[in-house]
Amino acid sequence: MTTPAHAFHLAQLNVATLLHPFDDPRIAPFVELLDPVNSAADETPGFVWRLVGEGEADATGLRPAGEDVIVNLSVWETQEALWDFAYRSGHLEVMRRRREWFERHVEAHMVLWWVPAGHLPTVDEALERLSDLRAHGPSPRAFTFASSYTAAEAAPPHMAPPDVALRAKPADEAEAAAV
Amino acid sequence: MIAVLQDPVRRRLYEYVAAQGREVGRNEAAEAAGVARTLAAHHLDRLAEAGLLESGSRRLTGRSGPGAGRPAKVYTRARVERSVSLPARDYRTAAELLAEAAEEVGLDAGLCAAARRRGESLRGAAAPCGGLEEAAELLASRGYEPHLEGDGEGEGGQERVLRMRNCPFHAVAERFPPLVCGMNLALLEGLLGVDGPVRARMDARPGECCVVVEASKDNER
């Protein structure tokens, strides 16, 4: 984390099921917060990239996970940068009011994973990570803030420092290679 | 831990350093506590040994290289959380488990309603908080570390607001930020009142409480 150039970046996917249609007045307060909060994200130190629809300012028009499910896919230099943005910026106000606009998810609705710096994840790739988290629980392949892994722990064995490679279980290696 | 803070001079020194939210040198702390520098140094080092303060060294003159003088010893409040209960109790585990369950079931609204009621009952029959100075006293008594920010100039300058250096619910807030920060805001809304001269608003920043207290703007009410 102290190296100036990060070999790995943290990717983040969030899915949220709307309680009402996107243009419903009850969703309007959320829609009003989109531009200021997204602009704040773009200017946050450590922000790398976020998914937007073709010619759009955000990704709310894309519905890859269902007609009433909006997605949020982004990449950050470090986990700390993402955490500070998510919970220590104007974004916290959106999070605080989430129950006014979104259904409570029984399954995991947010997933984190490491990508090589420069790689921008596709929506399919992101949804696969979410499925992985839902099916197998947190692992170096797909995790959460509460159960996070370092990039070294997530790196394929041949790229990881020797001590990490030694600690990796054979089963994990096989699965990591398959991803 | 408790014994370390029993000495009134030591306690004044601790409270002064903690309230500054930055590194404090021995001279400054001695002056603030009204004691000699050597006595202050002794107590500051005892506080650092007990883990209540963190110490480091810094050249306070801003000069560097030969002739800049010996670096001065500076102190800040330790970031780690201390809690003491006699006899032993474990409310933190209870709080974490309750928060986890509330998060899973989505009890945000119910929790905020309870927090607002608690804030209101703490205020009792008193009128809504009358100003930022009064709010600062009230918050300090509730375990926050308030400080005023801004010069009050409005146009061009920065408006005066009250911020808190710490979060009394830090350990659970870190694990369930939207839930616990929402609870904190509701508690402060109840405590300060929502229709008086000041209002609490969420304005999170790294390393501080998520809430800012500011003068109410009539056009926004």
# chains A, B, ... in the order shown; residues from 1 in each chain; ligands from 1
>>> interface_residues(of="chain A", to="chain B", cutoff="6 Å", atoms="only C-alpha atoms", output="VMD selection string")
chain A and resid 88 to 89 95 to 96
>>> write_last_selection(atoms="N, CA and C atoms", output="JSON list (two decimals), in the first residue's frame")
[["chain", "number", "residue", "atom", "x", "y", "z"],
["A", 88, "ARG", "N", -17.04, 8.29, 4.28],
["A", 88, "ARG", "CA", -16.54, 9.53, 4.88],
["A", 88, "ARG", "C", -16.62, 10.68, 3.88],
["A", 89, "SER", "N", -17.69, 10.72, 3.08],
["A", 89, "SER", "CA", -17.90, 11.81, 2.13],
["A", 89, "SER", "C", -19.40, 12.01, 2.01],
["A", 95, "MET", "N", -26.07, 6.63, 1.54],
["A", 95, "MET", "CA", -26.12, 5.34, 2.23],
["A", 95, "MET", "C", -27.10, 5.38, 3.40],
["A", 96, "ARG", "N", -27.08, 6.49, 4.14],
["A", 96, "ARG", "CA", -27.95, 6.62, 5.30],
["A", 96, "ARG", "C", -29.42, 6.50, 4.90]]
>>> residues_around(residues="A:Pro36", least_positions_apart="5", cutoff="12 Å", atoms="only C-alpha atoms", output="JSON, numbers by chain")
{"A": [30, 31, 41, 42, 43, 57, 58, 89, 90, 91, 93, 94]}
>>> write_last_selection(atoms="C-alpha atoms", output="PDB file, in the first residue's frame")
ATOM      1  CA  PHE A  30     -31.798   9.963  -4.799  1.00  0.00           C
ATOM      2  CA  VAL A  31     -31.604  11.097  -8.423  1.00  0.00           C
ATOM      3  CA  ALA A  41     -16.101  10.411  -6.511  1.00  0.00           C
ATOM      4  CA  ASP A  42     -14.329  11.484  -9.705  1.00  0.00           C
ATOM      5  CA  GLU A  43     -12.293  14.017  -7.737  1.00  0.00           C
ATOM      6  CA  ALA A  57     -23.232  10.690 -16.707  1.00  0.00           C
ATOM      7  CA  ASP A  58     -23.771   7.523 -14.687  1.00  0.00           C
ATOM      8  CA  SER A  89     -17.895  11.811   2.127  1.00  0.00           C
ATOM      9  CA  GLY A  90     -21.242  13.085   0.848  1.00  0.00           C
ATOM     10  CA  HIS A  91     -21.859   9.494  -0.256  1.00  0.00           C
ATOM     11  CA  GLU A  93     -25.820  10.615   3.203  1.00  0.00           C
ATOM     12  CA  VAL A  94     -26.987   8.467   0.260  1.00  0.00           C
TER      13      VAL A  94
END
>>> residues_around(residues="A:Leu112", least_positions_apart="3", cutoff="10 Å", atoms="only C-alpha atoms", output="PDB file with N, CA and C atoms, in the first residue's frame")
ATOM      1  N   LEU A  10      -8.446  -1.937  -6.661  1.00  0.00           N
ATOM      2  CA  LEU A  10      -9.614  -2.591  -6.066  1.00  0.00           C
ATOM      3  C   LEU A  10     -10.862  -2.268  -6.894  1.00  0.00           C
ATOM      4  N   ALA A  11     -11.531  -3.334  -7.357  1.00  0.00           N
ATOM      5  CA  ALA A  11     -12.785  -3.148  -8.090  1.00  0.00           C
ATOM      6  C   ALA A  11     -13.946  -3.344  -7.124  1.00  0.00           C
ATOM      7  N   GLN A  12     -15.027  -2.642  -7.397  1.00  0.00           N
ATOM      8  CA  GLN A  12     -16.190  -2.654  -6.507  1.00  0.00           C
ATOM      9  C   GLN A  12     -17.460  -2.728  -7.337  1.00  0.00           C
ATOM     10  N   LEU A  13     -18.349  -3.654  -6.985  1.00  0.00           N
ATOM     11  CA  LEU A  13     -19.681  -3.687  -7.614  1.00  0.00           C
ATOM     12  C   LEU A  13     -20.731  -3.614  -6.524  1.00  0.00           C
ATOM     13  N   ASN A  14     -21.748  -2.786  -6.767  1.00  0.00           N
ATOM     14  CA  ASN A  14     -22.872  -2.691  -5.852  1.00  0.00           C
ATOM     15  C   ASN A  14     -24.150  -2.828  -6.664  1.00  0.00           C
ATOM     16  N   LEU A  73     -20.391   0.246 -10.567  1.00  0.00           N
ATOM     17  CA  LEU A  73     -19.152  -0.511 -10.759  1.00  0.00           C
ATOM     18  C   LEU A  73     -18.005   0.487 -10.848  1.00  0.00           C
ATOM     19  N   SER A  74     -16.993   0.338  -9.984  1.00  0.00           N
ATOM     20  CA  SER A  74     -15.901   1.313 -10.000  1.00  0.00           C
ATOM     21  C   SER A  74     -14.580   0.661  -9.610  1.00  0.00           C
ATOM     22  N   VAL A  75     -13.491   1.377  -9.864  1.00  0.00           N
ATOM     23  CA  VAL A  75     -12.144   0.888  -9.551  1.00  0.00           C
ATOM     24  C   VAL A  75     -11.400   1.959  -8.759  1.00  0.00           C
ATOM     25  N   GLN A  79      -8.101   0.112  -0.971  1.00  0.00           N
ATOM     26  CA  GLN A  79      -9.338  -0.125  -0.234  1.00  0.00           C
ATOM     27  C   GLN A  79      -9.676   1.079   0.657  1.00  0.00           C
ATOM     28  N   VAL A 115      -7.988  -6.191  -9.197  1.00  0.00           N
ATOM     29  CA  VAL A 115      -7.721  -6.329 -10.632  1.00  0.00           C
ATOM     30  C   VAL A 115      -6.328  -5.781 -10.895  1.00  0.00           C
ATOM     31  N   ALA A 126     -17.956  -8.505 -13.208  1.00  0.00           N
ATOM     32  CA  ALA A 126     -18.366  -8.013 -11.893  1.00  0.00           C
ATOM     33  C   ALA A 126     -19.508  -8.858 -11.322  1.00  0.00           C
ATOM     34  N   ARG A 129     -18.274 -12.083  -9.966  1.00  0.00           N
ATOM     35  CA  ARG A 129     -17.668 -11.955  -8.628  1.00  0.00           C
ATOM     36  C   ARG A 129     -18.753 -11.916  -7.554  1.00  0.00           C
ATOM     37  N   LEU A 130     -19.842 -11.220  -7.866  1.00  0.00           N
ATOM     38  CA  LEU A 130     -20.938 -11.147  -6.886  1.00  0.00           C
ATOM     39  C   LEU A 130     -21.539 -12.541  -6.664  1.00  0.00           C
ATOM     40  N   LEU A 133     -19.229 -14.521  -4.465  1.00  0.00           N
ATOM     41  CA  LEU A 133     -19.365 -14.148  -3.055  1.00  0.00           C
ATOM     42  C   LEU A 133     -20.635 -14.762  -2.458  1.00  0.00           C
ATOM     43  N   PRO A 138     -16.962 -14.928   1.490  1.00  0.00           N
ATOM     44  CA  PRO A 138     -15.780 -14.124   1.176  1.00  0.00           C
ATOM     45  C   PRO A 138     -14.545 -14.986   0.919  1.00  0.00           C
ATOM     46  N   SER A 139     -13.782 -14.625  -0.092  1.00  0.00           N
ATOM     47  CA  SER A 139     -12.530 -15.306  -0.428  1.00  0.00           C
ATOM     48  C   SER A 139     -11.646 -14.256  -1.088  1.00  0.00           C
ATOM     49  N   PRO A 140     -10.368 -14.565  -1.344  1.00  0.00           N
ATOM     50  CA  PRO A 140      -9.528 -13.583  -2.045  1.00  0.00           C
ATOM     51  C   PRO A 140     -10.097 -13.200  -3.411  1.00  0.00           C
ATOM     52  N   ARG A 141     -10.987 -14.025  -3.986  1.00  0.00           N
ATOM     53  CA  ARG A 141     -11.552 -13.737  -5.306  1.00  0.00           C
ATOM     54  C   ARG A 141     -12.693 -12.723  -5.227  1.00  0.00           C
ATOM     55  N   ALA A 142     -13.395 -12.728  -4.112  1.00  0.00           N
ATOM     56  CA  ALA A 142     -14.593 -11.893  -3.969  1.00  0.00           C
ATOM     57  C   ALA A 142     -14.833 -11.696  -2.486  1.00  0.00           C
ATOM     58  N   PHE A 143     -14.750 -10.449  -2.045  1.00  0.00           N
ATOM     59  CA  PHE A 143     -14.841 -10.217  -0.602  1.00  0.00           C
ATOM     60  C   PHE A 143     -15.599  -8.931  -0.293  1.00  0.00           C
ATOM     61  N   THR A 144     -15.630  -8.566   0.988  1.00  0.00           N
ATOM     62  CA  THR A 144     -16.343  -7.364   1.429  1.00  0.00           C
ATOM     63  C   THR A 144     -15.417  -6.553   2.325  1.00  0.00           C
ATOM     64  N   PHE A 145     -15.853  -5.363   2.725  1.00  0.00           N
ATOM     65  CA  PHE A 145     -15.049  -4.548   3.634  1.00  0.00           C
ATOM     66  C   PHE A 145     -14.807  -5.295   4.951  1.00  0.00           C
ATOM     67  N   SER A 147     -14.657  -8.418   5.500  1.00  0.00           N
ATOM     68  CA  SER A 147     -13.839  -9.633   5.375  1.00  0.00           C
ATOM     69  C   SER A 147     -12.918  -9.451   4.179  1.00  0.00           C
ATOM     70  N   SER A 148     -11.983  -8.526   4.277  1.00  0.00           N
ATOM     71  CA  SER A 148     -11.219  -8.177   3.080  1.00  0.00           C
ATOM     72  C   SER A 148      -9.916  -8.956   2.992  1.00  0.00           C
ATOM     73  N   TYR A 149      -9.377  -9.008   1.806  1.00  0.00           N
ATOM     74  CA  TYR A 149      -8.101  -9.670   1.532  1.00  0.00           C
ATOM     75  C   TYR A 149      -7.178  -8.662   0.863  1.00  0.00           C
TER      76      TYR A 149
END
>>> select_by_dssp(residues="stretch 131-210 of chain B", states="strand (DSSP E or B)", output="VMD selection string")
chain B and resid 146 to 149 161 to 164 198 to 202
>>> write_last_selection(atoms="C-alpha atoms", output="mmCIF file, in the first residue's frame")
data_model
loop_
_atom_site.group_PDB
_atom_site.id
_atom_site.type_symbol
_atom_site.label_atom_id
_atom_site.label_comp_id
_atom_site.auth_asym_id
_atom_site.auth_seq_id
_atom_site.Cartn_x
_atom_site.Cartn_y
_atom_site.Cartn_z
ATOM 1 C CA PRO B 146 -16.399 19.648 19.411
ATOM 2 C CA HIS B 147 -14.439 22.483 17.856
ATOM 3 C CA LEU B 148 -15.570 25.553 15.959
ATOM 4 C CA GLU B 149 -14.445 25.916 12.395
ATOM 5 C CA VAL B 161 -19.722 25.399 11.977
ATOM 6 C CA LEU B 162 -19.193 22.978 14.810
ATOM 7 C CA ARG B 163 -17.352 19.757 14.041
ATOM 8 C CA MET B 164 -16.505 16.830 16.268
ATOM 9 C CA VAL B 198 -28.930 25.346 15.039
ATOM 10 C CA ARG B 199 -29.259 22.102 13.182
ATOM 11 C CA ALA B 200 -27.260 18.904 12.810
ATOM 12 C CA ARG B 201 -26.513 17.703 9.288
ATOM 13 C CA MET B 202 -24.558 14.806 7.899
#
>>> select_by_dssp(residues="stretch 73-160 of chain A", states="alpha helix (DSSP H)", output="ChimeraX atom specification")
/A:79-87,91-96,98-101,123-136,151-154
>>> closest_residue(among="B:Ala125, B:Ala113, B:Val80, B:Leu5", to="B:His43", atoms="only C-alpha atoms")
B:Leu5
>>> atom_distance(atom1="atom CA of A:Phe102", atom2="atom CA of A:Leu19")
5.1 Å
>>> residues_around(residues="A:His105", least_positions_apart="3", cutoff="8 Å", atoms="only C-alpha atoms", output="PyMOL selection string")
chain A and resi 16-17+108-109
>>> write_last_selection(atoms="C-alpha atoms", output="mmCIF file, in the first residue's frame")
data_model
loop_
_atom_site.group_PDB
_atom_site.id
_atom_site.type_symbol
_atom_site.label_atom_id
_atom_site.label_comp_id
_atom_site.auth_asym_id
_atom_site.auth_seq_id
_atom_site.Cartn_x
_atom_site.Cartn_y
_atom_site.Cartn_z
ATOM 1 C CA ALA A 16 -29.517 -1.986 -5.546
ATOM 2 C CA THR A 17 -33.129 -2.917 -6.205
ATOM 3 C CA ALA A 108 -24.756 -9.836 -0.585
ATOM 4 C CA HIS A 109 -25.268 -6.621 -2.601
#
>>> closest_residue(among="A:Val69, A:Ala28, A:Leu51, A:Ala40", to="A:Leu120", atoms="only C-alpha atoms")
A:Leu51
>>> atom_distance(atom1="atom CA of A:His119", atom2="atom CA of A:His136")
24.4 Å
>>> closest_residue(among="A:Ala86, A:Ala59, A:Met110, A:Leu18", to="A:Val71", atoms="only C-alpha atoms")
A:Ala59
>>> residues_around(residues="B:Gln20", least_positions_apart="4", cutoff="12 Å", atoms="only C-alpha atoms", output="list in words")
Leu13, Tyr14, Glu15, Tyr16, Val24, Gly25, Glu28, Ala29, Ala32, Tyr75, Thr76, Arg77, Glu145, Pro146, His147, Leu148, Met164 and Arg165 of chain B
>>> write_last_selection(atoms="N, CA and C atoms", output="short mmCIF file (atom, residue, chain, number, x, y, z; two decimals), in the first residue's frame")
data_model
loop_
_atom_site.label_atom_id
_atom_site.label_comp_id
_atom_site.auth_asym_id
_atom_site.auth_seq_id
_atom_site.Cartn_x
_atom_site.Cartn_y
_atom_site.Cartn_z
N LEU B 13 -3.45 18.50 31.58
CA LEU B 13 -2.55 18.35 30.43
C LEU B 13 -3.15 17.41 29.39
N TYR B 14 -3.71 16.30 29.86
CA TYR B 14 -4.32 15.34 28.93
C TYR B 14 -5.47 15.99 28.18
N GLU B 15 -6.33 16.67 28.94
CA GLU B 15 -7.51 17.27 28.31
C GLU B 15 -7.10 18.35 27.31
N TYR B 16 -6.06 19.10 27.65
CA TYR B 16 -5.60 20.14 26.72
C TYR B 16 -5.09 19.52 25.42
N VAL B 24 1.21 18.76 20.14
CA VAL B 24 1.40 19.84 21.11
C VAL B 24 2.77 19.68 21.76
N GLY B 25 3.55 20.75 21.82
CA GLY B 25 4.87 20.72 22.45
C GLY B 25 4.78 20.90 23.96
N GLU B 28 4.00 24.63 25.20
CA GLU B 28 2.60 25.02 25.01
C GLU B 28 1.71 24.34 26.05
N ALA B 29 1.94 23.04 26.27
CA ALA B 29 1.11 22.30 27.23
C ALA B 29 1.31 22.84 28.65
N ALA B 32 -0.56 26.08 28.99
CA ALA B 32 -2.01 25.87 29.05
C ALA B 32 -2.43 25.33 30.42
N TYR B 75 3.25 15.83 21.56
CA TYR B 75 2.29 14.84 22.04
C TYR B 75 0.95 15.00 21.32
N THR B 76 0.31 13.87 21.06
CA THR B 76 -1.06 13.88 20.55
C THR B 76 -1.86 12.84 21.32
N ARG B 77 -3.18 12.96 21.26
CA ARG B 77 -4.00 11.96 21.93
C ARG B 77 -3.86 10.63 21.20
N GLU B 145 -15.90 15.61 20.90
CA GLU B 145 -14.84 16.61 21.06
C GLU B 145 -15.08 17.72 20.05
N PRO B 146 -16.01 18.63 20.39
CA PRO B 146 -16.40 19.65 19.41
C PRO B 146 -15.35 20.75 19.26
N HIS B 147 -15.26 21.29 18.07
CA HIS B 147 -14.44 22.48 17.86
C HIS B 147 -15.09 23.33 16.78
N LEU B 148 -14.97 24.64 16.93
CA LEU B 148 -15.57 25.55 15.96
C LEU B 148 -14.63 25.72 14.78
N MET B 164 -16.94 17.67 15.16
CA MET B 164 -16.51 16.83 16.27
C MET B 164 -15.31 15.99 15.85
N ARG B 165 -14.28 16.00 16.70
CA ARG B 165 -13.06 15.27 16.35
C ARG B 165 -13.19 13.76 16.53
#
>>> atom_distance(atom1="atom CA of A:Trp114", atom2="atom CA of A:Glu153")
9.7 Å
>>> residues_around(residues="B:Ala186", least_positions_apart="3", cutoff="7 Å", atoms="only C-alpha atoms", output="MDAnalysis selection string")
chainID B and resid 112 115:116 182:183 189:190
>>> write_last_selection(atoms="C-alpha atoms", output="compact mmCIF listing (two decimals), in the first residue's frame")
# COMPACT_ATOMS: atom_id res chain seq x y z
CA CYS B 112 -33.18 6.31 14.12
CA ALA B 115 -32.17 7.54 18.78
CA ARG B 116 -34.22 10.69 18.14
CA GLY B 182 -27.64 7.57 10.84
CA MET B 183 -28.35 6.71 14.47
CA GLU B 189 -31.20 15.98 16.03
CA GLY B 190 -33.18 15.00 19.10
>>> closest_residue(among="A:Leu92, A:Ala65, A:Ala135, A:Ala155", to="A:Trp113", atoms="only C-alpha atoms")
A:Ala155
>>> residues_around(residues="stretch 83-93 of chain B", least_positions_apart="6", cutoff="10 Å", atoms="only C-alpha atoms", output="JSON, numbers by chain")
{"B": [1, 2, 99, 169, 171, 172]}
>>> write_last_selection(atoms="C-alpha atoms", output="CSV table (one decimal), in the first residue's frame")
chain,number,residue,atom,x,y,z
B,1,MET,CA,-5.5,3.8,33.6
B,2,ILE,CA,-7.9,5.6,35.9
B,99,ALA,CA,-26.0,-3.5,15.1
B,169,PHE,CA,-19.7,5.1,18.7
B,171,ALA,CA,-16.1,0.9,17.0
B,172,VAL,CA,-19.6,0.1,15.7
